[in-house]
Amino acid sequence: MTAAVGALRARDLTVRAHGRDLLSAVEIEAQPARLLGLLGPNGAGKTTLLRALAGVRRPDSGEVTLDGLPVHAARRRAVARRMALVEQHHDLHTDLLVADIVMLGRTPYRRAFSAASERDREVVEAALARVGVAELASRRWSTLSGGERQRVHIARALAQEPEVMLLDEPTNHLDIRFQLEVLALLRGLGITVVAALHDLNLAARFCHDVAVLESGRLVAAGPVQEVLDADLIERVYAVRAVVERSPHTGAATATFLAPSR
């Protein structure tokens, strides 16, 4: 049996800027083929952590490893063949065809100015089909809805054929339908996925595991059903809540009552 790949780990990760810690001694592990949700209020350090995990932001101390190999010591092209990052507000100032946008995900595998190979075209077609937008291949970017654009971003990331996908607020500004569809898609990809999320109830329903940040520090991590409870919500979000199991989905569901301070 082939061993699972895509174990992403941060050890003692610290990132500083302007004399303060954006992340302080963070230690987390994303398990292969599982969806890890990064939770925490605005300014908690979720985006900084994602960029550090992706190798885009170099930590001031600590390290990030992928299957035991240091990410920041590797060449960017090599990292891009194993990890894909979909950043927040990652809009495109272009009106390319969708197929050409997804083809950008093949950049780590192509020489500069080289034509797309048959393999590249096959991977792009498969990525579009996997996220359910194969029919959009010949559409222009400007004609797409917000939900369609997010799916195209994910398809472009999939075209990198990554073992790990990192996403910053993938459901931001999407209608409820598209939020549900995108998170169900991410959960079912069969690769390691780390996503920063704001909605605790969506995280509880779709994530296998969560890591909760507060002011750059990790305050809780583990299987979602063991981590998300009323005490944690009050501690981190300063909101009193009741957490119950939904009779419809089986997931923990939080009802928010009032600010606690």
# chains A, B, ... in the order shown; residues from 1 in each chain; ligands from 1
>>> select_by_dssp(residues="segment 189-242 of chain A", states="strand (DSSP E)", output="list in words")
Thr192, Val193, Val194, Ala195, Ala196, Asp209, Val210, Ala211, Val212, Leu213, Glu214, Arg217, Leu218, Val219, Ala220, Ala221, Gly222, Pro223, Val239, Arg240, Ala241 and Val242 of chain A
>>> residues_around(residues="Leu200 of chain A", least_positions_apart="2", cutoff="9 Å", atoms="only C-alpha atoms", output="PyMOL selection string")
chain A and resi 39+197-198+202-205+228+253-254
>>> residues_around(residues="segment 138-153 of chain A", least_positions_apart="6", cutoff="6 Å", atoms="only C-alpha atoms", output="list in words")
Asp95, Leu96, Leu97, Val98 and Phe178 of chain A
>>> write_last_selection(atoms="all heavy atoms", output="CSV table (one decimal), in the first residue's frame")
chain,number,residue,atom,x,y,z
A,95,ASP,N,-9.2,39.5,-18.8
A,95,ASP,CA,-10.4,38.9,-19.3
A,95,ASP,C,-10.0,37.7,-20.1
A,95,ASP,O,-10.5,37.5,-21.2
A,95,ASP,CB,-11.2,39.9,-20.1
A,95,ASP,CG,-12.6,39.6,-20.2
A,95,ASP,OD1,-13.1,38.8,-19.3
A,95,ASP,OD2,-13.3,40.1,-21.1
A,96,LEU,N,-9.1,36.9,-19.6
A,96,LEU,CA,-8.7,35.7,-20.3
A,96,LEU,C,-9.9,34.7,-20.2
A,96,LEU,O,-10.8,34.8,-19.5
A,96,LEU,CB,-7.5,35.0,-19.5
A,96,LEU,CG,-6.2,35.8,-19.7
A,96,LEU,CD1,-5.2,35.1,-18.7
A,96,LEU,CD2,-5.7,35.8,-21.1
A,97,LEU,N,-9.7,33.7,-21.1
A,97,LEU,CA,-10.7,32.5,-21.0
A,97,LEU,C,-10.4,31.7,-19.8
A,97,LEU,O,-9.3,31.7,-19.3
A,97,LEU,CB,-10.5,31.7,-22.3
A,97,LEU,CG,-10.8,32.3,-23.6
A,97,LEU,CD1,-10.6,31.3,-24.8
A,97,LEU,CD2,-12.3,32.8,-23.7
A,98,VAL,N,-11.4,31.1,-19.3
A,98,VAL,CA,-11.3,30.3,-18.1
A,98,VAL,C,-10.2,29.2,-18.2
A,98,VAL,O,-9.4,29.0,-17.3
A,98,VAL,CB,-12.6,29.7,-17.7
A,98,VAL,CG1,-12.5,28.5,-16.7
A,98,VAL,CG2,-13.6,30.7,-17.1
A,178,PHE,N,-23.2,28.6,-2.6
A,178,PHE,CA,-21.8,28.4,-3.0
A,178,PHE,C,-20.9,28.1,-1.9
A,178,PHE,O,-19.9,27.4,-2.0
A,178,PHE,CB,-21.3,29.6,-3.8
A,178,PHE,CG,-22.0,29.8,-5.1
A,178,PHE,CD1,-22.8,30.9,-5.4
A,178,PHE,CD2,-21.9,28.8,-6.1
A,178,PHE,CE1,-23.5,31.0,-6.6
A,178,PHE,CE2,-22.6,28.9,-7.3
A,178,PHE,CZ,-23.4,30.1,-7.6
>>> closest_residue(among="A:Glu169, A:Glu214, A:Glu234, A:Asp21", to="Gln88 of chain A", atoms="only C-alpha atoms")
A:Glu169
>>> select_by_dssp(residues="segment 6-249 of chain A", states="helix (DSSP H, G or I)", output="PyMOL selection string")
chain A and resi 46-53+76-80+98-109+118-130+134-136+141-143+146-158+176-187+200-206+224-227+230-237
>>> atom_distance(atom1="atom CA of Arg11 of chain A", atom2="atom CA of Ala238 of chain A")
28.0 Å
>>> residues_around(residues="Ala195 of chain A", least_positions_apart="4", cutoff="7 Å", atoms="only C-alpha atoms", output="MDAnalysis selection string")
chainID A and resid 36:38 166:169
>>> residues_around(residues="Arg119 of chain A", least_positions_apart="5", cutoff="12 Å", atoms="only C-alpha atoms", output="short mmCIF file (atom, residue, chain, number, x, y, z; two decimals) with N, CA and C atoms, in the first residue's frame")
data_model
loop_
_atom_site.label_atom_id
_atom_site.label_comp_id
_atom_site.auth_asym_id
_atom_site.auth_seq_id
_atom_site.Cartn_x
_atom_site.Cartn_y
_atom_site.Cartn_z
N MET A 103 -4.85 27.10 -16.86
CA MET A 103 -3.56 26.67 -17.40
C MET A 103 -2.39 27.32 -16.65
N ARG A 106 -0.28 25.27 -14.39
CA ARG A 106 0.74 24.37 -14.93
C ARG A 106 2.11 25.03 -15.01
N TYR A 109 5.43 23.38 -14.07
CA TYR A 109 5.84 22.23 -14.87
C TYR A 109 6.32 22.61 -16.27
N ARG A 110 6.26 23.92 -16.61
CA ARG A 110 6.56 24.34 -17.97
C ARG A 110 7.77 25.27 -18.02
N VAL A 124 -5.66 20.32 -17.08
CA VAL A 124 -6.57 21.46 -16.98
C VAL A 124 -8.02 21.00 -17.16
N GLU A 125 -8.26 20.16 -18.15
CA GLU A 125 -9.62 19.65 -18.36
C GLU A 125 -10.11 18.87 -17.15
N ALA A 126 -9.23 18.07 -16.57
CA ALA A 126 -9.61 17.28 -15.40
C ALA A 126 -9.89 18.17 -14.20
N ALA A 159 -4.73 22.31 -10.84
CA ALA A 159 -3.90 22.08 -12.02
C ALA A 159 -2.42 21.99 -11.65
N GLU A 161 -1.50 20.05 -9.47
CA GLU A 161 -1.44 18.67 -8.98
C GLU A 161 -0.81 18.61 -7.59
#
